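A.B. asks: Provided below: my_file_19.cif, containing mmCIF, C-alpha atoms.
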data_query
loop_
_atom_site.label_atom_id
_atom_site.label_comp_id
_atom_site.auth_asym_id
_atom_site.auth_seq_id
_atom_site.Cartn_x
_atom_site.Cartn_y
_atom_site.Cartn_z
CA MET A 1 0.00 0.00 0.00
CA SER A 2 1.39 3.42 -0.99
CA LEU A 3 1.97 6.24 1.48
CA GLN A 4 -0.92 8.23 -0.04
CA LEU A 5 -3.34 5.30 0.35
CA LYS A 6 -2.28 4.85 3.98
CA LYS A 7 -2.83 8.56 4.56
CA ASP A 8 -6.29 8.47 2.93
CA SER A 9 -7.20 5.40 4.98
CA LEU A 10 -6.20 7.10 8.24
CA ILE A 11 -8.16 10.24 7.35
CA LEU A 12 -11.24 8.16 6.51
CA ARG A 13 -11.05 6.21 9.77
CA PHE A 14 -10.55 9.42 11.73
CA SER A 15 -13.53 11.13 10.07
CA GLN A 16 -15.76 8.14 10.85
CA ASN A 17 -14.83 8.20 14.55
CA ARG A 18 -17.28 10.83 15.82
CA PRO A 19 -16.03 11.04 19.46
CA LEU A 20 -12.48 11.53 18.22
CA VAL A 21 -13.58 14.24 15.79
CA HIS A 22 -15.42 16.10 18.56
CA ILE A 23 -12.44 15.84 20.93
CA ALA A 24 -10.14 17.13 18.19
CA PHE A 25 -12.49 20.08 17.57
CA TRP A 26 -12.53 21.14 21.22
CA VAL A 27 -8.77 20.73 21.60
CA ALA A 28 -8.25 22.92 18.53
CA TYR A 29 -10.79 25.44 19.86
CA ILE A 30 -9.04 25.72 23.25
CA CYS A 31 -5.61 25.97 21.64
CA PHE A 32 -6.74 28.73 19.28
CA TYR A 33 -8.52 30.90 21.84
CA GLY A 34 -6.07 30.12 24.64
CA THR A 35 -3.21 31.29 22.45
CA SER A 36 -5.16 34.33 21.22
CA TRP A 37 -6.21 35.60 24.67
CA GLY A 38 -2.90 34.64 26.27
CA SER A 39 -0.98 36.76 23.78
CA TYR A 40 -2.55 39.96 25.17
CA ASP A 41 -0.75 39.81 28.50
CA ASP A 42 1.55 36.78 28.08
CA HIS A 43 -0.48 34.77 30.64
CA TYR A 44 -0.91 31.73 28.38
CA LEU A 45 -1.46 29.20 31.16
CA ARG A 46 -4.19 31.32 32.70
CA ALA A 47 -5.85 31.79 29.33
CA PHE A 48 -5.82 28.05 28.68
CA ILE A 49 -7.29 27.33 32.12
CA CYS A 50 -10.07 29.87 31.62
CA GLU A 51 -10.93 28.61 28.13
CA SER A 52 -10.98 25.00 29.37
CA SER A 53 -13.19 25.98 32.32
CA GLU A 54 -15.68 27.71 30.04
CA LEU A 55 -16.39 24.35 28.44
CA LEU A 56 -18.48 23.50 31.51
CA ILE A 57 -21.07 25.91 30.10
CA LYS A 58 -20.23 25.92 26.38
CA LEU A 59 -20.44 22.15 25.94
CA PRO A 60 -24.09 21.91 27.10
CA LEU A 61 -24.94 24.94 24.93
CA VAL A 62 -23.30 23.53 21.80
CA TYR A 63 -24.79 20.05 22.08
CA PHE A 64 -28.20 21.45 22.99
CA VAL A 65 -28.13 23.50 19.78
CA LEU A 66 -26.66 20.61 17.72
CA PHE A 67 -28.87 17.72 18.76
CA ASN A 68 -32.01 19.51 19.80
CA LEU A 69 -32.60 22.88 18.19
CA ILE A 70 -31.01 22.14 14.79
CA GLU A 71 -32.58 18.71 14.44
CA LYS A 72 -35.96 19.70 15.83
CA TYR A 73 -36.43 23.14 14.29
CA LEU A 74 -33.84 24.14 11.67
CA PHE A 75 -33.95 20.88 9.66
CA GLN A 76 -37.74 20.95 9.91
CA ARG A 77 -37.73 24.50 8.50
CA LYS A 78 -39.18 26.04 11.65
CA TYR A 79 -36.84 29.00 11.38
CA ALA A 80 -38.60 31.40 13.77
CA GLU A 81 -38.57 28.88 16.60
CA PHE A 82 -34.97 27.90 15.89
CA PHE A 83 -33.57 31.44 15.96
CA THR A 84 -35.68 32.42 18.98
CA TYR A 85 -34.61 29.44 21.10
CA THR A 86 -30.99 29.71 19.94
CA PHE A 87 -30.89 33.40 20.85
CA VAL A 88 -32.33 32.72 24.31
CA ALA A 89 -29.93 29.80 24.89
CA ILE A 90 -26.92 31.95 23.96
CA ILE A 91 -28.06 34.77 26.27
CA PHE A 92 -28.38 32.34 29.18
CA ALA A 93 -25.02 30.75 28.38
CA GLY A 94 -23.33 34.15 28.10
CA LEU A 95 -24.71 35.31 31.45
CA ALA A 96 -23.73 31.97 33.03
CA ILE A 97 -20.15 32.39 31.77
CA ARG A 98 -20.07 35.94 33.11
CA LEU A 99 -21.24 34.70 36.56
CA PHE A 100 -18.70 31.88 36.44
CA TYR A 101 -15.89 34.38 35.85
CA GLN A 102 -17.19 36.75 38.49
CA TYR A 103 -17.44 34.22 41.33
CA VAL A 104 -15.04 31.38 40.36
CA LEU A 105 -12.34 32.27 37.85
CA TYR A 106 -11.57 35.83 39.04
CA PRO A 107 -10.95 34.80 42.68
CA GLN A 108 -8.86 31.77 41.67
CA PHE A 109 -6.88 32.95 38.65
CA ILE A 110 -7.44 36.69 38.02
CA PRO A 111 -7.41 38.28 41.51
CA GLU A 112 -6.83 41.77 40.14
CA ARG A 113 -10.36 41.75 38.74
CA VAL A 114 -12.09 40.66 41.95
CA GLY A 115 -14.66 43.23 42.98
CA THR A 116 -15.33 44.57 39.51
CA PRO A 117 -19.05 45.19 38.83
CA PHE A 118 -21.00 42.37 37.16
CA PHE A 119 -22.84 44.60 34.72
CA ILE A 120 -20.02 45.99 32.61
CA THR A 121 -21.35 46.48 29.12
CA PHE A 122 -18.05 45.81 27.36
CA ARG A 123 -17.40 42.53 29.19
CA ILE A 124 -20.97 41.30 28.77
CA LEU A 125 -20.88 42.08 25.04
CA LYS A 126 -17.47 40.41 24.74
CA THR A 127 -18.75 37.25 26.44
CA LEU A 128 -21.90 37.18 24.30
CA ALA A 129 -19.90 37.77 21.10
CA ASN A 130 -17.57 34.90 22.00
CA THR A 131 -20.55 32.65 22.70
CA TYR A 132 -22.36 33.71 19.52
CA THR A 133 -19.22 33.03 17.46
CA LEU A 134 -18.99 29.52 18.84
CA ALA A 135 -22.69 28.85 18.22
CA ILE A 136 -22.53 30.15 14.64
CA MET A 137 -19.38 28.11 13.98
CA VAL A 138 -21.08 24.92 15.19
CA ILE A 139 -24.28 25.63 13.21
CA VAL A 140 -22.29 26.25 10.02
CA ILE A 141 -20.28 23.03 10.48
CA LYS A 142 -23.50 21.07 11.07
CA LEU A 143 -25.16 22.55 7.98
CA LEU A 144 -22.11 21.86 5.82
CA LYS A 145 -21.97 18.31 7.09
CA LYS A 146 -25.66 17.79 6.29
CA TRP A 147 -25.22 19.34 2.85
CA TYR A 148 -22.27 17.04 2.11
CA LYS A 149 -24.20 14.01 3.37
CA ASP A 150 -27.22 14.91 1.22
CA GLN A 151 -24.97 15.35 -1.81
CA GLN A 152 -23.34 11.96 -1.25
CA GLU A 153 -26.71 10.28 -0.80
CA ALA A 154 -28.04 11.93 -3.95
CA LYS A 155 -24.98 10.80 -5.91
CA SER A 156 -25.30 7.30 -4.49
CA LEU A 157 -28.98 7.09 -5.45
CA GLU A 158 -28.25 8.42 -8.93
CA LYS A 159 -25.43 5.92 -9.35
CA GLU A 160 -27.69 3.06 -8.24
CA LYS A 161 -30.32 4.28 -10.68
CA LEU A 162 -27.82 4.34 -13.55
CA GLU A 163 -26.52 0.88 -12.64
CA ALA A 164 -30.09 -0.46 -12.56
CA GLU A 165 -30.79 1.14 -15.94
CA LEU A 166 -27.61 -0.34 -17.37
CA LYS A 167 -28.56 -3.82 -16.15
CA PHE A 168 -32.01 -3.39 -17.65
CA LEU A 169 -30.60 -2.30 -21.00
CA LYS A 170 -28.19 -5.23 -21.06
CA SER A 171 -30.95 -7.66 -20.12
CA GLN A 172 -33.02 -6.38 -23.04
CA VAL A 173 -30.24 -7.38 -25.45
CA HIS A 174 -30.68 -11.05 -24.59
CA PRO A 175 -34.37 -11.51 -25.49
CA HIS A 176 -33.97 -9.20 -28.46
CA PHE A 177 -31.13 -11.31 -29.84
CA LEU A 178 -32.87 -14.57 -28.95
CA PHE A 179 -36.05 -13.46 -30.68
CA ASN A 180 -34.19 -12.72 -33.93
CA THR A 181 -32.19 -15.95 -33.84
CA LEU A 182 -35.24 -18.12 -33.12
CA ASN A 183 -36.97 -16.49 -36.09
CA ASN A 184 -33.99 -17.52 -38.19
CA LEU A 185 -34.19 -21.07 -36.86
CA TYR A 186 -37.93 -21.15 -37.49
CA SER A 187 -37.46 -20.18 -41.14
CA LEU A 188 -34.88 -22.97 -41.56
CA THR A 189 -37.14 -25.59 -40.02
CA LEU A 190 -39.95 -24.53 -42.35
CA LYS A 191 -37.60 -25.17 -45.26
CA LYS A 192 -36.52 -28.45 -43.61
CA SER A 193 -32.95 -27.27 -44.00
CA ASP A 194 -30.08 -29.58 -43.08
CA ASN A 195 -28.47 -26.55 -41.43
CA ALA A 196 -31.04 -26.45 -38.64
CA PRO A 197 -29.04 -28.73 -36.25
CA GLU A 198 -25.93 -26.58 -36.73
CA VAL A 199 -27.97 -23.50 -35.94
CA VAL A 200 -29.18 -25.12 -32.72
CA LEU A 201 -25.58 -25.93 -31.76
CA LYS A 202 -24.38 -22.41 -32.51
CA LEU A 203 -27.33 -20.97 -30.62
CA SER A 204 -26.56 -23.07 -27.55
CA GLU A 205 -22.96 -21.79 -27.58
CA LEU A 206 -24.19 -18.22 -27.81
CA MET A 207 -26.71 -18.73 -25.01
CA SER A 208 -23.96 -20.18 -22.83
CA TYR A 209 -21.90 -17.03 -23.44
CA MET A 210 -24.85 -14.78 -22.60
CA LEU A 211 -25.71 -16.65 -19.42
CA TYR A 212 -22.26 -17.05 -17.91
CA ASP A 213 -19.95 -14.41 -19.40
CA THR A 214 -22.03 -11.29 -19.92
CA VAL A 215 -22.89 -10.93 -16.22
CA ALA A 216 -19.55 -9.11 -15.85
CA LYS A 217 -19.35 -5.39 -16.48
CA GLN A 218 -16.76 -6.04 -19.17
CA VAL A 219 -15.35 -9.08 -20.94
CA SER A 220 -12.21 -9.68 -22.95
CA LEU A 221 -12.41 -8.35 -26.48
CA SER A 222 -11.31 -11.71 -27.87
CA LYS A 223 -14.33 -13.42 -26.24
CA GLU A 224 -16.67 -10.81 -27.65
CA ILE A 225 -15.24 -11.31 -31.15
CA ASN A 226 -15.59 -15.07 -30.84
CA TYR A 227 -19.24 -14.52 -29.92
CA ILE A 228 -19.71 -12.22 -32.93
CA ASN A 229 -18.19 -14.85 -35.23
CA HIS A 230 -20.76 -17.37 -34.01
CA TYR A 231 -23.54 -14.93 -34.78
CA ILE A 232 -22.19 -14.22 -38.27
CA ASP A 233 -21.96 -17.98 -38.90
CA LEU A 234 -25.66 -18.25 -38.06
CA GLU A 235 -26.52 -15.51 -40.53
CA LYS A 236 -24.39 -17.15 -43.23
CA ILE A 237 -26.34 -20.36 -42.75
CA ARG A 238 -29.60 -18.47 -42.96
CA TYR A 239 -28.92 -16.46 -46.11
CA GLY A 240 -26.67 -18.88 -47.94
CA GLU A 241 -24.92 -17.96 -51.15
CA ARG A 242 -26.76 -14.72 -51.76
CA LEU A 243 -24.89 -13.15 -48.82
CA ASP A 244 -21.29 -11.95 -49.05
CA VAL A 245 -19.79 -11.32 -45.58
CA SER A 246 -16.34 -10.08 -44.64
CA PHE A 247 -15.03 -9.60 -41.11
CA ASN A 248 -11.55 -8.09 -40.90
CA ILE A 249 -9.68 -7.77 -37.59
CA SER A 250 -6.38 -5.99 -37.06
CA GLY A 251 -4.36 -5.08 -34.00
CA ASP A 252 -3.44 -6.76 -30.73
CA LEU A 253 -6.51 -7.97 -28.82
CA SER A 254 -4.71 -9.34 -25.78
CA GLY A 255 -5.64 -7.73 -22.47
CA LYS A 256 -8.32 -5.50 -24.01
CA MET A 257 -11.73 -5.27 -22.32
CA ILE A 258 -15.12 -4.22 -23.65
CA ALA A 259 -18.70 -4.12 -22.39
CA PRO A 260 -20.40 -7.42 -23.33
CA MET A 261 -22.70 -7.53 -26.34
CA LEU A 262 -21.91 -3.93 -27.20
CA LEU A 263 -21.03 -4.46 -30.87
CA LEU A 264 -23.68 -7.05 -31.70
CA PRO A 265 -26.66 -4.64 -32.15
CA PHE A 266 -24.81 -2.91 -35.03
CA ILE A 267 -24.20 -6.28 -36.69
CA GLU A 268 -27.79 -7.38 -36.07
CA ASN A 269 -29.15 -4.22 -37.64
CA SER A 270 -26.94 -4.58 -40.71
CA PHE A 271 -28.43 -8.01 -41.35
CA LYS A 272 -31.97 -7.15 -40.34
CA HIS A 273 -32.32 -3.88 -42.25
CA GLY A 274 -29.72 -4.28 -44.98
CA VAL A 275 -30.03 -7.94 -45.91
CA SER A 276 -33.27 -9.60 -44.78
CA GLY A 277 -35.56 -7.85 -47.26
CA GLU A 278 -33.32 -8.30 -50.30
CA LEU A 279 -33.77 -11.09 -52.83
CA GLU A 280 -30.62 -10.46 -54.82
CA THR A 281 -26.99 -10.84 -53.75
CA VAL A 282 -26.16 -8.53 -50.88
CA TRP A 283 -23.09 -7.81 -48.83
CA VAL A 284 -22.07 -6.73 -45.36
CA SER A 285 -18.61 -5.74 -44.21
CA PHE A 286 -17.23 -5.55 -40.67
CA ASP A 287 -13.85 -4.02 -39.85
CA LEU A 288 -12.40 -3.94 -36.37
CA HIS A 289 -9.09 -2.20 -35.71
CA VAL A 290 -7.46 -2.13 -32.27
CA THR A 291 -4.61 0.08 -31.15
CA GLU A 292 -3.04 0.35 -27.71
CA ASP A 293 -6.15 1.75 -26.01
CA LYS A 294 -8.66 2.43 -28.80
CA LEU A 295 -11.07 0.46 -30.93
CA VAL A 296 -12.49 1.45 -34.30
CA PHE A 297 -15.42 -0.66 -35.47
CA LYS A 298 -16.99 -0.17 -38.90
CA VAL A 299 -20.17 -1.83 -40.09
CA GLU A 300 -21.23 -1.32 -43.70
CA ASN A 301 -23.98 -3.00 -45.67
CA SER A 302 -25.60 -2.70 -49.06
CA LYS A 303 -29.11 -1.37 -49.28
CA SER A 304 -31.88 -1.29 -51.81
CA PRO A 305 -33.15 2.04 -53.14
CA GLU A 306 -36.68 0.71 -52.60
CA ASP A 307 -38.32 1.52 -49.25
CA ASP A 308 -35.21 3.49 -48.36
CA HIS A 309 -36.86 5.82 -45.92
CA LEU A 310 -38.68 3.04 -44.11
CA LYS A 311 -35.54 0.93 -43.67
CA ILE A 312 -33.32 3.74 -42.45
CA SER A 313 -35.98 4.99 -40.07
CA SER A 314 -36.37 1.46 -38.73
CA TYR A 315 -32.61 1.12 -38.40
CA ARG A 316 -32.23 4.33 -36.46
CA SER A 317 -35.13 3.63 -34.10
CA GLY A 318 -34.61 -0.08 -33.47
CA ILE A 319 -34.69 -1.34 -29.89
CA GLY A 320 -31.18 -2.78 -30.09
CA LEU A 321 -29.64 0.41 -31.45
CA LYS A 322 -31.39 2.63 -28.89
CA ASN A 323 -30.17 0.41 -26.11
CA VAL A 324 -26.59 0.32 -27.30
CA LYS A 325 -26.48 4.11 -27.61
CA ARG A 326 -27.68 4.48 -24.04
CA ARG A 327 -25.18 1.86 -22.84
CA LEU A 328 -22.40 3.75 -24.59
CA ASP A 329 -23.45 6.92 -22.79
CA LEU A 330 -23.50 5.20 -19.40
CA ILE A 331 -20.34 3.11 -19.67
CA TYR A 332 -18.04 5.11 -21.93
CA ALA A 333 -19.41 8.64 -21.42
CA ASP A 334 -17.22 10.96 -23.53
CA ASN A 335 -14.79 8.14 -24.38
CA TYR A 336 -16.65 7.11 -27.53
CA ASP A 337 -17.76 8.53 -30.85
CA LEU A 338 -20.59 7.05 -32.93
CA LYS A 339 -21.38 8.15 -36.47
CA ILE A 340 -23.95 6.84 -38.95
CA PHE A 341 -23.61 7.58 -42.68
CA ASP A 342 -26.61 7.11 -44.96
CA GLU A 343 -25.39 6.91 -48.55
CA LYS A 344 -27.29 6.11 -51.74
CA ASP A 345 -26.35 2.42 -51.96
CA THR A 346 -24.73 1.74 -48.60
CA PHE A 347 -25.22 2.28 -44.93
CA LEU A 348 -22.17 2.79 -42.73
CA VAL A 349 -21.74 2.87 -38.95
CA VAL A 350 -18.42 3.90 -37.39
CA LEU A 351 -17.84 3.42 -33.67
CA LYS A 352 -14.70 4.64 -31.94
CA LEU A 353 -14.17 4.05 -28.24
CA LYS A 354 -11.47 3.94 -25.63
CA LEU A 355 -10.73 0.43 -24.43
CA ALA A 356 -10.06 -0.47 -20.81
CA THR A 357 -7.59 -2.91 -19.33
CA ASN A 358 -9.33 -2.73 -15.94
CA ASP A 359 -13.10 -3.21 -16.14
CA GLU A 360 -13.92 -1.89 -12.68
CA LEU A 361 -11.97 1.35 -13.03
CA MET A 362 -13.41 2.23 -16.43
CA PHE A 363 -16.96 1.43 -15.37
CA GLN A 364 -16.78 3.25 -12.01
CA ASP A 365 -15.04 6.34 -13.42
CA ASN A 366 -17.62 6.83 -16.13
CA LEU A 367 -20.57 6.15 -13.86
CA GLU A 368 -19.25 8.84 -11.52
CA ARG A 369 -18.98 11.21 -14.45
CA ASN A 370 -22.57 10.50 -15.50
CA VAL A 371 -23.75 11.11 -11.94
CA ILE A 372 -21.91 14.43 -11.69
#
Could you quickly redo this structure as structure tokens?
C.D. replies:
Amino acid sequence: MSLQLKKDSLILRFSQNRPLVHIAFWVAYICFYGTSWGSYDDHYLRAFICESSELLIKLPLVYFVLFNLIEKYLFQRKYAEFFTYTFVAIIFAGLAIRLFYQYVLYPQFIPERVGTPFFITFRILKTLANTYTLAIMVIVIKLLKKWYKDQQEAKSLEKEKLEAELKFLKSQVHPHFLFNTLNNLYSLTLKKSDNAPEVVLKLSELMSYMLYDTVAKQVSLSKEINYINHYIDLEKIRYGERLDVSFNISGDLSGKMIAPMLLLPFIENSFKHGVSGELETVWVSFDLHVTEDKLVFKVENSKSPEDDHLKISSYRSGIGLKNVKRRLDLIYADNYDLKIFDEKDTFLVVLKLKLATNDELMFQDNLERNVI
């Protein structure tokens, strides 16, 4: 563990120990005011004794305001009651401190002031100002603490909401994919195709991947590509010779991580909206290039000039594509770029994103960014 991590750990443990935090506050308070008042006449010891003795009255005042008035009135937005009771409590505390000095501290530690009148405006105002300062300081600290706690709770709730949404979006990919693949299998069985058993085998391999591997936030890129290859094999079986498919991969895949089933919706849509309705020879092309920390994925397919508007509209608004766009926003935030090009005879999708080598760090960092 690094020195910085040890330091952060100690600070966290200290901040979570409420009695220790309160003791530290009062020690710092006494040191500050003891040093300040002691510097006037160089009687530091006397100043420290007096400040420490005042705690007999200030402690009840502070904790009465903290755990009674603030909780009962200020946080409940009963401002008139809060300020009235706080004002009265400070007046009583100030007068009590003045009496304590007059009959206890003066005779014991400041004999030169014995016999001075109780009602001296300057000294009463000084005592009240000191007491008011302490009360305001404590109220401000309490309010800042509550504000920080509310902010953390709001961020935590928002993060949980985003995580739940992400799980929901990913879960929708499974039935969506399964629905399409079962339709493919159904069409083959109607034709009594000899390829139907192979489709069942491929489908079982894909279902195994979805059930056991995609529960992680991210998977290895090589596994995801293997999964995509199985899907493309299924589509090749379905469309036969009238389909020309190319899948080109370049770059080093080792150690690279990606969100599971992130690329598949683009491939699905290229087959569904660029191939399924065509009777003539059609083509789809997939290119995946990986650098040290980036991925560029291109999906291009031929399209018919007939029903152009309907197909492109369906492509853009499909469930799978909507989901993957939202997943990209949640997981990769500003670490991705998605562009769709609608040309006369082709349709092209280009996805660029930053790859992670640590799934937890990438996921958590970007979730935090979405929350903020």
A.B. asks: Leaving out Leu134 in chain A and any residue of its chain fewer than 5 positions from it, which residues lie within 9 Å of it when counting all atoms listed in the file, given as a list in words?
C.D. replies: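 Residues meeting the cut-off are Lys58, Val62, Ala129 and Ile139 of chain A.
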A.B. asks: So what do you get for CA of Phe266 in chain A versus CA of Val349 in chain A, distance-wise?
C.D. replies: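 Between CA of Phe266 in chain A and CA of Val349 in chain A the gap works out to 7.6 Å.
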A.B. asks: For CA of Ser222 in chain A and CA of Leu253 in chain A, determine how far apart the two atoms are, in Å to one decimal place.
C.D. replies: 6.2 Å
A.B. asks: When you count only C-alpha atoms, which of these residues is closest to Val104 in chain A: A:Leu66, A:Cys50, A:Leu330, A:Ile225?
C.D. replies: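 Result for the nearest residue to Val104 in chain A: A:Cys50.
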A.B. asks: Which residues fall under the PyMOL selection byres ((chain A and resi 238-240) around 9) in this file, as a ChimeraX atom specification?
C.D. replies: /A:184-185,187-188,195,199,233-237,241-244,275-276
A.B. asks: Report as a PyMOL selection string the full result of the PyMOL selection byres ((chain A and resi 258-262) around 6) when it is applied to this structure.
C.D. replies: chain A and resi 214+218-219+221+257+263-264
A.B. asks: If you measure from CA of Leu295 in chain A to CA of Asp252 in chain A, what distance in Å do you get, rounded to one decimal?
C.D. replies: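 Computing the Euclidean distance for CA of Leu295 in chain A and CA of Asp252 in chain A yields 10.5 Å.
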A.B. asks: Return as a ChimeraX atom specification the set of residues that the PyMOL selection byres ((chain A and resi 279-292) around 8) yields on the displayed structure.
C.D. replies: /A:241-253,270-271,275,277-278,293-303
A.B. asks: Kindly provide, as a PyMOL selection string, the polymer residues lying within 8 Å of (-20.5, -13.3, -28.3), counting all atoms listed in the file and using the coordinates exactly as they appear in the file.
C.D. replies: chain A and resi 206+209-210+223-231+260-261+264
